[in-house]
Every structure is written in C-alpha cells, then in structure tokens.
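Structure data follow from start35.cif (mmCIF, C-alpha atoms):
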data_entry
loop_
_atom_site.group_PDB
_atom_site.id
_atom_site.type_symbol
_atom_site.label_atom_id
_atom_site.label_comp_id
_atom_site.auth_asym_id
_atom_site.auth_seq_id
_atom_site.Cartn_x
_atom_site.Cartn_y
_atom_site.Cartn_z
ATOM 1 C CA MET A 1 -110.577 -219.389 -147.155
ATOM 2 C CA TYR A 2 -109.889 -215.657 -147.505
ATOM 3 C CA GLN A 3 -111.143 -215.047 -143.969
ATOM 4 C CA ASP A 4 -108.791 -217.743 -142.630
ATOM 5 C CA LYS A 5 -105.806 -216.223 -144.427
ATOM 6 C CA SER A 6 -106.739 -212.734 -143.272
ATOM 7 C CA LEU A 7 -107.037 -213.891 -139.665
ATOM 8 C CA ALA A 8 -103.699 -215.706 -139.889
ATOM 9 C CA ILE A 9 -102.061 -212.515 -141.179
ATOM 10 C CA SER A 10 -103.423 -210.552 -138.211
ATOM 11 C CA TYR A 11 -102.075 -213.108 -135.731
ATOM 12 C CA ALA A 12 -98.721 -213.217 -137.528
ATOM 13 C CA PHE A 13 -98.459 -209.426 -137.403
ATOM 14 C CA PHE A 14 -99.299 -209.426 -133.678
ATOM 15 C CA VAL A 15 -96.622 -212.055 -132.987
ATOM 16 C CA LEU A 16 -94.150 -210.065 -135.084
ATOM 17 C CA ILE A 17 -94.790 -206.989 -132.914
ATOM 18 C CA LEU A 18 -94.134 -208.983 -129.717
ATOM 19 C CA VAL A 19 -90.950 -210.464 -131.196
ATOM 20 C CA ALA A 20 -89.784 -206.978 -132.196
ATOM 21 C CA VAL A 21 -90.431 -205.721 -128.645
ATOM 22 C CA GLY A 22 -88.164 -208.467 -127.301
ATOM 23 C CA ALA A 23 -85.505 -208.127 -130.000
ATOM 24 C CA LEU A 24 -85.274 -204.352 -129.527
ATOM 25 C CA GLN A 25 -85.046 -204.773 -125.720
ATOM 26 C CA LEU A 26 -88.272 -202.860 -125.139
ATOM 27 C CA THR A 27 -89.794 -205.382 -122.738
ATOM 28 C CA THR A 28 -89.280 -202.990 -119.808
ATOM 29 C CA VAL A 29 -91.432 -200.399 -121.592
ATOM 30 C CA PHE A 30 -94.040 -203.021 -122.495
ATOM 31 C CA VAL A 31 -94.319 -204.426 -118.957
ATOM 32 C CA THR A 32 -94.373 -200.894 -117.485
ATOM 33 C CA ILE A 33 -97.252 -199.932 -119.790
ATOM 34 C CA LEU A 34 -99.233 -202.987 -118.715
ATOM 35 C CA PHE A 35 -98.615 -202.447 -114.977
ATOM 36 C CA ALA A 36 -99.194 -198.683 -115.100
ATOM 37 C CA TYR A 37 -102.417 -199.016 -117.094
ATOM 38 C CA LEU A 38 -103.616 -201.717 -114.688
ATOM 39 C CA MET A 39 -102.985 -199.408 -111.717
ATOM 40 C CA LEU A 40 -104.681 -196.449 -113.405
ATOM 41 C CA ARG A 41 -107.790 -198.494 -114.154
ATOM 42 C CA ALA A 42 -107.878 -199.768 -110.576
ATOM 43 C CA LEU A 43 -108.119 -196.261 -109.065
ATOM 44 C CA PRO A 44 -111.706 -195.503 -107.955
ATOM 45 C CA PHE A 45 -112.309 -192.129 -109.628
ATOM 46 C CA GLY A 46 -114.469 -193.222 -112.560
ATOM 47 C CA LYS A 47 -114.699 -190.503 -115.191
ATOM 48 C CA TYR A 48 -112.366 -188.141 -113.274
ATOM 49 C CA LYS A 49 -109.297 -189.372 -115.080
ATOM 50 C CA TRP A 50 -107.003 -186.502 -114.084
ATOM 51 C CA ALA A 51 -107.665 -187.249 -110.409
ATOM 52 C CA SER A 52 -106.675 -190.865 -111.074
ATOM 53 C CA ILE A 53 -103.531 -189.745 -112.900
ATOM 54 C CA GLY A 54 -102.546 -187.356 -110.080
ATOM 55 C CA LEU A 55 -102.985 -190.030 -107.416
ATOM 56 C CA PHE A 56 -101.141 -192.534 -109.598
ATOM 57 C CA LEU A 57 -98.143 -190.195 -109.996
ATOM 58 C CA ILE A 58 -98.007 -189.586 -106.223
ATOM 59 C CA PHE A 59 -98.140 -193.319 -105.594
ATOM 60 C CA LEU A 60 -95.491 -193.935 -108.257
ATOM 61 C CA ALA A 61 -93.126 -191.381 -106.695
ATOM 62 C CA ALA A 62 -93.613 -192.979 -103.271
ATOM 63 C CA LEU A 63 -93.020 -196.396 -104.813
ATOM 64 C CA PHE A 64 -89.751 -195.289 -106.433
ATOM 65 C CA TYR A 65 -88.556 -193.753 -103.173
ATOM 66 C CA GLY A 66 -89.515 -196.833 -101.164
ATOM 67 C CA PHE A 67 -87.864 -199.173 -103.630
ATOM 68 C CA ALA A 68 -84.642 -197.125 -103.652
ATOM 69 C CA PHE A 69 -84.620 -197.131 -99.840
ATOM 70 C CA PHE A 70 -85.219 -200.895 -99.802
ATOM 71 C CA VAL A 71 -82.383 -201.553 -102.260
ATOM 72 C CA ARG A 72 -79.914 -199.447 -100.244
ATOM 73 C CA HIS A 73 -80.938 -201.278 -97.078
ATOM 74 C CA ALA A 74 -80.831 -204.703 -98.757
ATOM 75 C CA ILE A 75 -77.308 -204.128 -100.096
ATOM 76 C CA ILE A 76 -76.123 -203.760 -96.493
ATOM 77 C CA VAL A 77 -78.335 -206.348 -94.803
ATOM 78 C CA LEU A 78 -78.221 -209.313 -97.212
ATOM 79 C CA PRO A 79 -74.413 -209.777 -97.030
ATOM 80 C CA GLU A 80 -74.720 -209.508 -93.236
ATOM 81 C CA ILE A 81 -77.349 -212.259 -93.236
ATOM 82 C CA ALA A 82 -75.153 -214.424 -95.461
ATOM 83 C CA SER A 83 -72.085 -213.941 -93.247
ATOM 84 C CA LYS A 84 -74.075 -215.143 -90.212
ATOM 85 C CA ALA A 85 -76.057 -217.930 -91.855
ATOM 86 C CA ILE A 86 -73.397 -219.612 -93.982
ATOM 87 C CA PRO A 87 -71.127 -220.791 -91.096
ATOM 88 C CA VAL A 88 -74.154 -222.287 -89.311
ATOM 89 C CA ILE A 89 -75.340 -224.023 -92.493
ATOM 90 C CA VAL A 90 -71.836 -225.354 -93.218
ATOM 91 C CA HIS A 91 -71.490 -226.683 -89.654
ATOM 92 C CA PHE A 92 -74.941 -228.283 -89.816
ATOM 93 C CA ALA A 93 -74.167 -229.937 -93.162
ATOM 94 C CA THR A 94 -70.707 -231.131 -92.073
ATOM 95 C CA GLU A 95 -72.113 -232.891 -89.001
ATOM 96 C CA ARG A 96 -74.525 -234.829 -91.206
ATOM 97 C CA GLY A 97 -72.117 -235.578 -94.033
ATOM 98 C CA ILE A 98 -73.845 -233.298 -96.502
ATOM 99 C CA VAL A 99 -71.526 -231.932 -99.184
ATOM 100 C CA LEU A 100 -72.205 -228.282 -100.040
ATOM 101 C CA PRO A 101 -70.816 -226.407 -103.054
ATOM 102 C CA PHE A 102 -69.498 -223.689 -100.691
ATOM 103 C CA THR A 103 -67.713 -223.584 -97.318
ATOM 104 C CA ASP A 104 -67.811 -219.873 -96.474
ATOM 105 C CA ILE A 105 -69.130 -216.600 -97.811
ATOM 106 C CA GLU A 106 -66.177 -216.120 -100.153
ATOM 107 C CA SER A 107 -66.661 -219.511 -101.791
ATOM 108 C CA LEU A 108 -70.379 -218.788 -102.018
ATOM 109 C CA LYS A 109 -69.608 -215.509 -103.758
ATOM 110 C CA THR A 110 -67.360 -217.395 -106.175
ATOM 111 C CA LEU A 111 -70.115 -219.930 -106.844
ATOM 112 C CA VAL A 112 -72.699 -217.236 -107.481
ATOM 113 C CA LEU A 113 -70.368 -215.195 -109.664
ATOM 114 C CA GLU A 114 -69.537 -218.250 -111.769
ATOM 115 C CA SER A 115 -73.201 -219.139 -112.223
ATOM 116 C CA ILE A 116 -74.147 -215.614 -113.365
ATOM 117 C CA GLN A 117 -70.980 -214.741 -115.248
ATOM 118 C CA GLU A 118 -72.843 -213.924 -118.446
ATOM 119 C CA THR A 119 -75.234 -211.650 -116.572
ATOM 120 C CA VAL A 120 -72.361 -209.834 -114.890
ATOM 121 C CA VAL A 121 -70.742 -209.223 -118.257
ATOM 122 C CA TYR A 122 -74.043 -207.946 -119.652
ATOM 123 C CA LEU A 123 -74.523 -205.640 -116.672
ATOM 124 C CA GLY A 124 -70.942 -204.431 -116.744
ATOM 125 C CA GLY A 125 -71.977 -200.814 -117.040
ATOM 126 C CA TYR A 126 -74.393 -200.908 -114.097
ATOM 127 C CA ALA A 127 -74.961 -197.174 -113.903
ATOM 128 C CA GLY A 128 -75.671 -196.933 -117.610
ATOM 129 C CA VAL A 129 -78.049 -199.886 -117.519
ATOM 130 C CA ALA A 130 -79.869 -198.510 -114.463
ATOM 131 C CA THR A 131 -80.258 -195.108 -116.131
ATOM 132 C CA LYS A 132 -81.511 -196.695 -119.345
ATOM 133 C CA GLN A 133 -84.064 -198.833 -117.506
ATOM 134 C CA PHE A 134 -85.273 -195.820 -115.536
ATOM 135 C CA VAL A 135 -85.794 -193.865 -118.764
ATOM 136 C CA LEU A 136 -87.665 -196.819 -120.274
ATOM 137 C CA VAL A 137 -89.910 -196.979 -117.208
ATOM 138 C CA ILE A 138 -90.717 -193.267 -117.566
ATOM 139 C CA VAL A 139 -91.518 -193.779 -121.257
ATOM 140 C CA GLY A 140 -93.787 -196.691 -120.344
ATOM 141 C CA VAL A 141 -95.613 -194.593 -117.745
ATOM 142 C CA VAL A 142 -96.176 -191.760 -120.252
ATOM 143 C CA VAL A 143 -97.546 -194.191 -122.838
ATOM 144 C CA ALA A 144 -99.829 -195.820 -120.259
ATOM 145 C CA ILE A 145 -101.217 -192.432 -119.204
ATOM 146 C CA SER A 146 -101.824 -191.529 -122.865
ATOM 147 C CA ILE A 147 -103.735 -194.775 -123.438
ATOM 148 C CA PHE A 148 -105.677 -194.227 -120.213
ATOM 149 C CA ILE A 149 -106.746 -190.738 -121.337
ATOM 150 C CA ASN A 150 -107.739 -191.948 -124.803
ATOM 151 C CA PRO A 151 -108.243 -195.737 -124.627
ATOM 152 C CA THR A 152 -110.000 -195.995 -128.009
ATOM 153 C CA LEU A 153 -107.473 -196.134 -130.803
ATOM 154 C CA ASP A 154 -108.388 -194.431 -134.050
ATOM 155 C CA PHE A 155 -107.718 -197.518 -136.157
ATOM 156 C CA ASP A 156 -109.975 -199.551 -133.875
ATOM 157 C CA GLN A 157 -112.925 -197.603 -135.277
ATOM 158 C CA SER A 158 -113.079 -199.390 -138.614
ATOM 159 C CA PRO A 159 -114.065 -196.959 -141.371
ATOM 160 C CA ARG A 160 -116.536 -197.774 -144.114
ATOM 161 C CA PRO A 161 -115.974 -199.166 -146.609
ATOM 162 C CA LEU A 162 -113.760 -201.689 -144.811
ATOM 163 C CA ASN A 163 -110.337 -202.146 -146.367
ATOM 164 C CA LEU A 164 -107.433 -204.515 -145.756
ATOM 165 C CA TYR A 165 -105.489 -202.005 -143.650
ATOM 166 C CA SER A 166 -108.351 -201.101 -141.312
ATOM 167 C CA LEU A 167 -109.371 -204.754 -140.994
ATOM 168 C CA HIS A 168 -105.950 -205.914 -139.792
ATOM 169 C CA CYS A 169 -105.458 -202.856 -137.562
ATOM 170 C CA ALA A 170 -108.776 -203.529 -135.861
ATOM 171 C CA ARG A 171 -107.920 -207.192 -135.326
ATOM 172 C CA VAL A 172 -104.451 -206.434 -133.959
ATOM 173 C CA ALA A 173 -106.024 -203.906 -131.570
ATOM 174 C CA GLN A 174 -108.427 -206.626 -130.420
ATOM 175 C CA LEU A 175 -105.510 -208.992 -129.846
ATOM 176 C CA PHE A 176 -103.693 -206.399 -127.746
ATOM 177 C CA ARG A 177 -106.904 -205.876 -125.768
ATOM 178 C CA SER A 178 -107.142 -209.629 -125.225
ATOM 179 C CA PHE A 179 -103.480 -209.757 -124.172
ATOM 180 C CA TYR A 180 -104.057 -206.976 -121.643
ATOM 181 C CA GLU A 181 -107.157 -208.701 -120.270
ATOM 182 C CA ASN A 182 -105.110 -211.851 -119.684
ATOM 183 C CA PHE A 183 -102.373 -209.769 -118.054
ATOM 184 C CA GLU A 184 -104.947 -208.100 -115.802
ATOM 185 C CA LYS A 185 -106.439 -211.457 -114.841
ATOM 186 C CA VAL A 186 -103.120 -213.160 -114.097
ATOM 187 C CA MET A 187 -101.326 -210.259 -112.381
ATOM 188 C CA SER A 188 -104.319 -209.178 -110.303
ATOM 189 C CA ALA A 189 -104.535 -212.710 -108.966
ATOM 190 C CA GLN A 190 -100.756 -212.802 -108.447
ATOM 191 C CA VAL A 191 -100.874 -209.555 -106.428
ATOM 192 C CA ILE A 192 -103.712 -210.903 -104.260
ATOM 193 C CA ILE A 193 -101.876 -214.174 -103.664
ATOM 194 C CA SER A 194 -98.617 -212.341 -102.927
ATOM 195 C CA GLY A 195 -100.466 -210.096 -100.466
ATOM 196 C CA ILE A 196 -101.985 -213.080 -98.626
ATOM 197 C CA ASN A 197 -98.600 -214.803 -98.597
ATOM 198 C CA THR A 198 -96.977 -211.636 -97.199
ATOM 199 C CA VAL A 199 -99.592 -211.278 -94.440
ATOM 200 C CA LEU A 200 -99.135 -214.889 -93.323
ATOM 201 C CA THR A 201 -95.350 -214.605 -93.500
ATOM 202 C CA SER A 202 -95.484 -211.351 -91.504
ATOM 203 C CA ALA A 203 -97.501 -213.095 -88.792
ATOM 204 C CA PHE A 204 -94.878 -215.843 -88.598
ATOM 205 C CA VAL A 205 -91.986 -213.369 -88.636
ATOM 206 C CA TYR A 206 -93.333 -211.251 -85.775
ATOM 207 C CA ALA A 207 -94.659 -214.211 -83.768
ATOM 208 C CA SER A 208 -91.256 -215.917 -83.899
ATOM 209 C CA SER A 209 -89.231 -212.665 -83.512
ATOM 210 C CA LEU A 210 -87.300 -213.447 -86.681
ATOM 211 C CA PRO A 211 -84.503 -210.906 -87.252
ATOM 212 C CA TYR A 212 -84.567 -208.485 -90.189
ATOM 213 C CA ALA A 213 -88.381 -208.471 -90.209
ATOM 214 C CA ALA A 214 -88.766 -205.425 -92.472
ATOM 215 C CA ILE A 215 -86.450 -206.743 -95.183
ATOM 216 C CA VAL A 216 -88.147 -210.160 -95.087
ATOM 217 C CA ILE A 217 -91.667 -208.753 -95.453
ATOM 218 C CA VAL A 218 -90.852 -206.414 -98.349
ATOM 219 C CA LEU A 219 -88.803 -209.097 -100.100
ATOM 220 C CA THR A 220 -91.642 -211.613 -99.685
ATOM 221 C CA PHE A 221 -94.145 -209.313 -101.373
ATOM 222 C CA LEU A 222 -91.832 -208.281 -104.225
ATOM 223 C CA CYS A 223 -90.700 -211.833 -104.917
ATOM 224 C CA GLY A 224 -94.301 -213.025 -104.684
ATOM 225 C CA LEU A 225 -95.036 -211.095 -107.884
ATOM 226 C CA LEU A 226 -92.709 -213.484 -109.742
ATOM 227 C CA PRO A 227 -94.407 -216.871 -110.251
ATOM 228 C CA VAL A 228 -92.630 -219.910 -108.695
ATOM 229 C CA ILE A 229 -89.099 -218.447 -108.840
ATOM 230 C CA GLY A 230 -89.983 -215.576 -106.507
ATOM 231 C CA ASN A 231 -91.070 -217.981 -103.781
ATOM 232 C CA ILE A 232 -87.771 -219.846 -104.037
ATOM 233 C CA ILE A 233 -85.813 -216.610 -103.565
ATOM 234 C CA SER A 234 -87.806 -215.355 -100.572
ATOM 235 C CA ASN A 235 -87.894 -218.789 -98.923
ATOM 236 C CA THR A 236 -84.123 -219.132 -99.254
ATOM 237 C CA VAL A 237 -83.609 -215.810 -97.479
ATOM 238 C CA ILE A 238 -86.104 -216.657 -94.694
ATOM 239 C CA VAL A 239 -84.640 -220.103 -94.031
ATOM 240 C CA GLY A 240 -81.131 -218.633 -94.135
ATOM 241 C CA ILE A 241 -82.087 -216.075 -91.476
ATOM 242 C CA ALA A 242 -83.719 -218.825 -89.408
ATOM 243 C CA PHE A 243 -80.442 -220.791 -89.527
ATOM 244 C CA THR A 244 -78.757 -217.924 -87.667
ATOM 245 C CA ILE A 245 -80.992 -218.798 -84.703
ATOM 246 C CA SER A 246 -80.801 -222.598 -84.892
ATOM 247 C CA PRO A 247 -81.117 -225.448 -87.419
ATOM 248 C CA GLN A 248 -84.293 -226.602 -85.625
ATOM 249 C CA PHE A 249 -85.866 -223.187 -86.063
ATOM 250 C CA ALA A 250 -84.892 -223.254 -89.733
ATOM 251 C CA GLY A 251 -86.685 -226.590 -90.059
ATOM 252 C CA TRP A 252 -89.876 -225.175 -88.526
ATOM 253 C CA ALA A 253 -89.614 -222.124 -90.782
ATOM 254 C CA LEU A 254 -89.294 -224.356 -93.831
ATOM 255 C CA LEU A 255 -92.349 -226.392 -92.805
ATOM 256 C CA PHE A 256 -94.350 -223.203 -92.311
ATOM 257 C CA LEU A 257 -93.330 -221.888 -95.735
ATOM 258 C CA VAL A 258 -94.250 -225.194 -97.394
ATOM 259 C CA ALA A 259 -97.683 -225.022 -95.730
ATOM 260 C CA ILE A 260 -98.162 -221.431 -96.953
ATOM 261 C CA HIS A 261 -97.328 -222.351 -100.512
ATOM 262 C CA LYS A 262 -99.656 -225.357 -100.448
ATOM 263 C CA LEU A 263 -102.356 -222.860 -99.496
ATOM 264 C CA GLU A 264 -101.098 -220.588 -102.267
ATOM 265 C CA TYR A 265 -101.605 -223.314 -104.881
ATOM 266 C CA PHE A 266 -105.192 -223.718 -103.643
ATOM 267 C CA LEU A 267 -105.782 -219.960 -103.809
ATOM 268 C CA ASN A 268 -104.184 -219.840 -107.252
ATOM 269 C CA SER A 269 -106.695 -222.361 -108.585
ATOM 270 C CA LYS A 270 -109.606 -220.563 -106.916
ATOM 271 C CA ILE A 271 -108.652 -216.969 -107.750
ATOM 272 C CA ILE A 272 -107.318 -217.421 -111.262
ATOM 273 C CA GLY A 273 -109.758 -220.209 -112.118
ATOM 274 C CA GLY A 274 -109.637 -223.287 -114.272
ATOM 275 C CA ARG A 275 -109.664 -221.365 -117.539
ATOM 276 C CA ILE A 276 -105.968 -220.442 -117.339
ATOM 277 C CA ARG A 277 -104.669 -223.276 -115.190
ATOM 278 C CA HIS A 278 -101.620 -224.935 -116.689
ATOM 279 C CA PRO A 279 -99.535 -227.973 -115.732
ATOM 280 C CA MET A 280 -96.645 -227.078 -113.442
ATOM 281 C CA TRP A 281 -94.072 -228.411 -115.923
ATOM 282 C CA LEU A 282 -95.474 -226.133 -118.644
ATOM 283 C CA THR A 283 -95.382 -223.086 -116.363
ATOM 284 C CA LEU A 284 -91.799 -223.842 -115.298
ATOM 285 C CA LEU A 285 -90.739 -224.335 -118.918
ATOM 286 C CA ALA A 286 -92.339 -221.019 -119.876
ATOM 287 C CA LEU A 287 -90.596 -219.266 -116.967
ATOM 288 C CA LEU A 288 -87.205 -220.699 -117.969
ATOM 289 C CA VAL A 289 -87.649 -219.703 -121.607
ATOM 290 C CA GLY A 290 -88.965 -216.253 -120.625
ATOM 291 C CA GLU A 291 -86.043 -215.625 -118.261
ATOM 292 C CA ARG A 292 -83.538 -216.791 -120.844
ATOM 293 C CA LEU A 293 -84.953 -214.589 -123.588
ATOM 294 C CA LEU A 294 -86.102 -211.475 -121.704
ATOM 295 C CA GLY A 295 -84.829 -211.664 -118.104
ATOM 296 C CA ILE A 296 -87.188 -210.617 -115.292
ATOM 297 C CA PRO A 297 -89.797 -209.135 -117.712
ATOM 298 C CA GLY A 298 -89.867 -212.550 -119.369
ATOM 299 C CA ILE A 299 -90.657 -214.203 -116.030
ATOM 300 C CA ILE A 300 -93.547 -211.779 -115.512
ATOM 301 C CA LEU A 301 -94.923 -212.225 -119.030
ATOM 302 C CA ALA A 302 -94.520 -216.015 -119.299
ATOM 303 C CA PRO A 303 -97.789 -217.002 -117.516
ATOM 304 C CA VAL A 304 -99.601 -214.156 -119.308
ATOM 305 C CA VAL A 305 -98.481 -215.465 -122.706
ATOM 306 C CA LEU A 306 -99.589 -218.986 -121.753
ATOM 307 C CA SER A 307 -103.001 -217.659 -120.718
ATOM 308 C CA PHE A 308 -103.296 -215.579 -123.903
ATOM 309 C CA ILE A 309 -102.461 -218.556 -126.118
ATOM 310 C CA LYS A 310 -104.999 -220.730 -124.328
ATOM 311 C CA VAL A 311 -107.772 -218.111 -124.526
ATOM 312 C CA GLU A 312 -107.171 -217.347 -128.205
ATOM 313 C CA ALA A 313 -106.799 -221.005 -129.212
ATOM 314 C CA SER A 314 -110.054 -221.819 -127.399
ATOM 315 C CA LYS A 315 -111.939 -219.505 -129.764
ATOM 316 C CA PHE A 316 -111.506 -221.936 -132.663
ATOM 317 C CA GLU A 317 -113.448 -225.176 -132.687
ATOM 318 C CA VAL A 318 -111.973 -228.187 -134.437
ATOM 319 C CA SER A 319 -114.328 -230.895 -135.664
ATOM 320 C CA ASP A 320 -113.468 -234.532 -135.103
ATOM 321 C CA SER A 321 -112.173 -235.911 -138.397
ATOM 322 C CA SER A 322 -113.603 -239.346 -137.629
ATOM 323 C CA GLU A 323 -117.051 -237.802 -137.110
ATOM 324 C CA ALA A 324 -116.688 -235.765 -140.273
ATOM 325 C CA ARG A 325 -116.036 -238.925 -142.342
ATOM 326 C CA LYS A 326 -119.248 -240.629 -141.188
ATOM 327 C CA PRO A 327 -121.961 -240.768 -143.882
#

In structure tokens, what does this structure look like?
Amino acid sequence: MYQDKSLAISYAFFVLILVAVGALQLTTVFVTILFAYLMLRALPFGKYKWASIGLFLIFLAALFYGFAFFVRHAIIVLPEIASKAIPVIVHFATERGIVLPFTDIESLKTLVLESIQETVVYLGGYAGVATKQFVLVIVGVVVAISIFINPTLDFDQSPRPLNLYSLHCARVAQLFRSFYENFEKVMSAQVIISGINTVLTSAFVYASSLPYAAIVIVLTFLCGLLPVIGNIISNTVIVGIAFTISPQFAGWALLFLVAIHKLEYFLNSKIIGGRIRHPMWLTLLALLVGERLLGIPGIILAPVVLSFIKVEASKFEVSDSSEARKP
C-alpha cells in the first residue's frame, strides 16, 4: 500500500510540474528544450559533444534567418494570393448556388478577425510578445545544451540509504525521461511524414507549374509538423492558389492532396506503430484542448501527452475482478 501511495505522489508531482509550466506560460521554453535536445542527440558526433553543439548553433542561426525571411515573404505573398483567389472562388460558388461567408477579401478579413478576436486582443502588443517568445526560445536552447552536456541529473543517482526525497526525485526524473522518449518517437515520425509529404507536394507543384512554389513548399513542411490542423492550413493555401488558375485545376489539386494524406495515414501507422495509435476523434479532441489551453505548443504536445499516458498506463496490469472472485 505504501508503494502505491508513493508512486501516486510521484505521478501527482509530475502532473503538477506540467500544469505549472502551462499556467506560468512556459510552454515555449518546454517545447524548445524538447526540440533542441532532440536535434542535439540526432547529430552524428558521438562523444564529441562540443562539435555537436557548434553545428547545432550554426544550424539554429540559419533556421532563424530562414524563418524570418519566410515570414517577411509570406506577409507580402499570402494577401496577394487571397486577392487573386477569392474572386474566383466567389464566382465559382455563385454559379453553383453555394453560399459563402465572404464575398471579397475585405469581408474575408472581417470574418477572420471576428473569429480570432480574442487572439488579436491577447497579441495586442505584437512586438513585446515576439521579443518575449524569442527570449524564451533562447532560454530553452541554453537549458537543452546544459542537459545535453550533463544528461544525468544528480538526484537521479539515488543515494544510500534511500529516503523519501531521493525516491520521488528519481521517479520524477524517470517520468520526464519517459515523456521525452514519447516526444522523440512522435515528433521524429512527424518530421519524417512531413518530409515525405513535402517531397510529394513539391513534385506536384513543379510538375503543374503552380505559382508561388517556394512559399507552398516551405509552408507545407512547417504545417506538416502540426498534426491534422497543419494539413488543413497548407491544403487551404494550395487549393486557393490552384483556384487562381481554374476551378478544374483546384479540383485536381484537392484530389491529389487527399491521396497524399491517405498515404500519410498509412505511413503514420507504419512509422509510429500500433503502440501509440489513437482514434481520430481522441486525437482531434486532444488537439482542440491543447490549442485552447496552450496555443501552438499545445497542438505540438497533445499527441505526445496521449502517447505518454498510454505508455505509462500500460505499465500497470489490472486483474479481472470476475476471475479474482473465482474459488
């Protein structure tokens, strides 16, 4: 009985830490630590950790520069795509009696602004928020490098004699290790799937001479890192661009994207495996709750949390009460 209570305390303390991370708005730091540590471990330098750290920092600087360049380009290009696509979509829908919630780009802007009014209020000080998030990312990178240099925590080496403090610290460290392993498993698979999806989409984009190829390819890969919701975003942009050519071409583009994502579901089951497969409704529910509570970091962590819960719950066997009552 004591062991059960002690184990429950360790789990409760671990959950309390995760809740505190969310409540204190430290999810950006937490997700950055997980991603940065994953990248550091993936670098092929073995025991030469400083070589891995140097290459990681170079890659990180290039990534920041590329992302900033992409954002500046996207701010110009995406409104241009919308201004061309929306009149074609409205005309197509009007001819077929389809009622749309917008009639031009201004009404679309109004619709979008109304739907994200709370987010706009929250992000009112955009510069301040951006600066804060950048600082949090830097903090996360520093922490990840520190863990990479010294991955064995002092309290994970349980002293003798064992006491209550060292016991719970060791168990919480094990839970964080298990959480990271689930993150590594899920996100590594998600990156592979996003890469395959991007390659296939790139082939379609260049074969069909779709405009704005560069923005489409980068957006496809970035959105592919977000389960389910990311595909919806990238597909909407691709089909919208295709509408600027013709409604028929948009239809073929949509069919191609549906075929890719059917393949993606197959790859998801093969790459991730049956151990962390969840019903689609459960994944969607987790994504909605994660987005509502934590924003984009919540979307990233939602499937990881589901996997972690499944793995940890599977460690405990429950006997059948009907079998237990048999003489």

Tell me, in Å to one decimal, how far atom CA of A:Ala253 is from atom CA of A:Ile241.
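The value is 9.7 Å.
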
Straight-line distance linking atom CA of A:Leu219 with atom CA of A:Ser234, stated in Å to one decimal
6.4 Å

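Distance check against A:Ile147 using only C-alpha atoms: of A:Phe134, A:Pro79, A:Ser246, A:Arg177, the minimum falls on A:Arg177.
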
Closest to A:Gln25 among A:Ile309, A:Leu136, A:Ile245, A:Leu40, using all atoms listed in the file?
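Selected residue with least distance to A:Gln25: A:Leu136.
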
Going by the chain IDs and residue numbers used in this file, which residues fall under the PyMOL selection byres ((chain A and resi 27) around 10)? Write them as a count of residues only.
23

Figure out the distance between atom CA of A:Cys169 and atom CA of A:Val141, please, to one decimal in Å.
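Separation of atom CA of A:Val141 and atom CA of A:Cys169: 23.6 Å.
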
Could you tell me, as a ChimeraX atom specification, exactly which residues end up selected when the PyMOL selection byres ((chain A and resi 183-192) around 7) is applied to this structure?
/A:38,179-182,193-196,225,271-272,304

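If you measure from each of A:Ile260, A:Trp252, A:Thr244, A:Ala62 to A:Val199 using all atoms listed in the file, the closest one turns out to be A:Ile260.
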
Using all atoms listed in the file, find the one residue out of A:Val139, A:Leu210, A:Ala12, A:Ile53 that sits nearest to A:Gly240.
A:Leu210

Mind checking which residues fall within 12 Å of A:Ile81, counting all atoms listed in the file, ignoring those fewer than 4 positions away in the same chain, and posting them as a ChimeraX atom specification?
/A:74-77,85-89,105,210-212,215-216,236-245

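Among the candidate residues A:Ile17, A:Ala203, A:Leu57, A:Leu63, the one lying nearest to A:Ala144 is A:Leu57, with distances computed using all atoms listed in the file.
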
Exercise on stretch 137-149 of chain A, axis-aligned box with 3 Å per side, report centre and edge lengths in Å to one decimal, as lines of an AutoDock Vina configuration file:
center_x = -98.3
center_y = -193.9
center_z = -120.3
size_x = 22.8
size_y = 12.2
size_z = 12.2

For A:Phe14, which residue among A:Ala173, A:Val71, A:Ala313, A:Ala207 is the nearest when counting all atoms listed in the file?
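Looking only at the distances to A:Phe14, the closest residue turns out to be A:Ala173.
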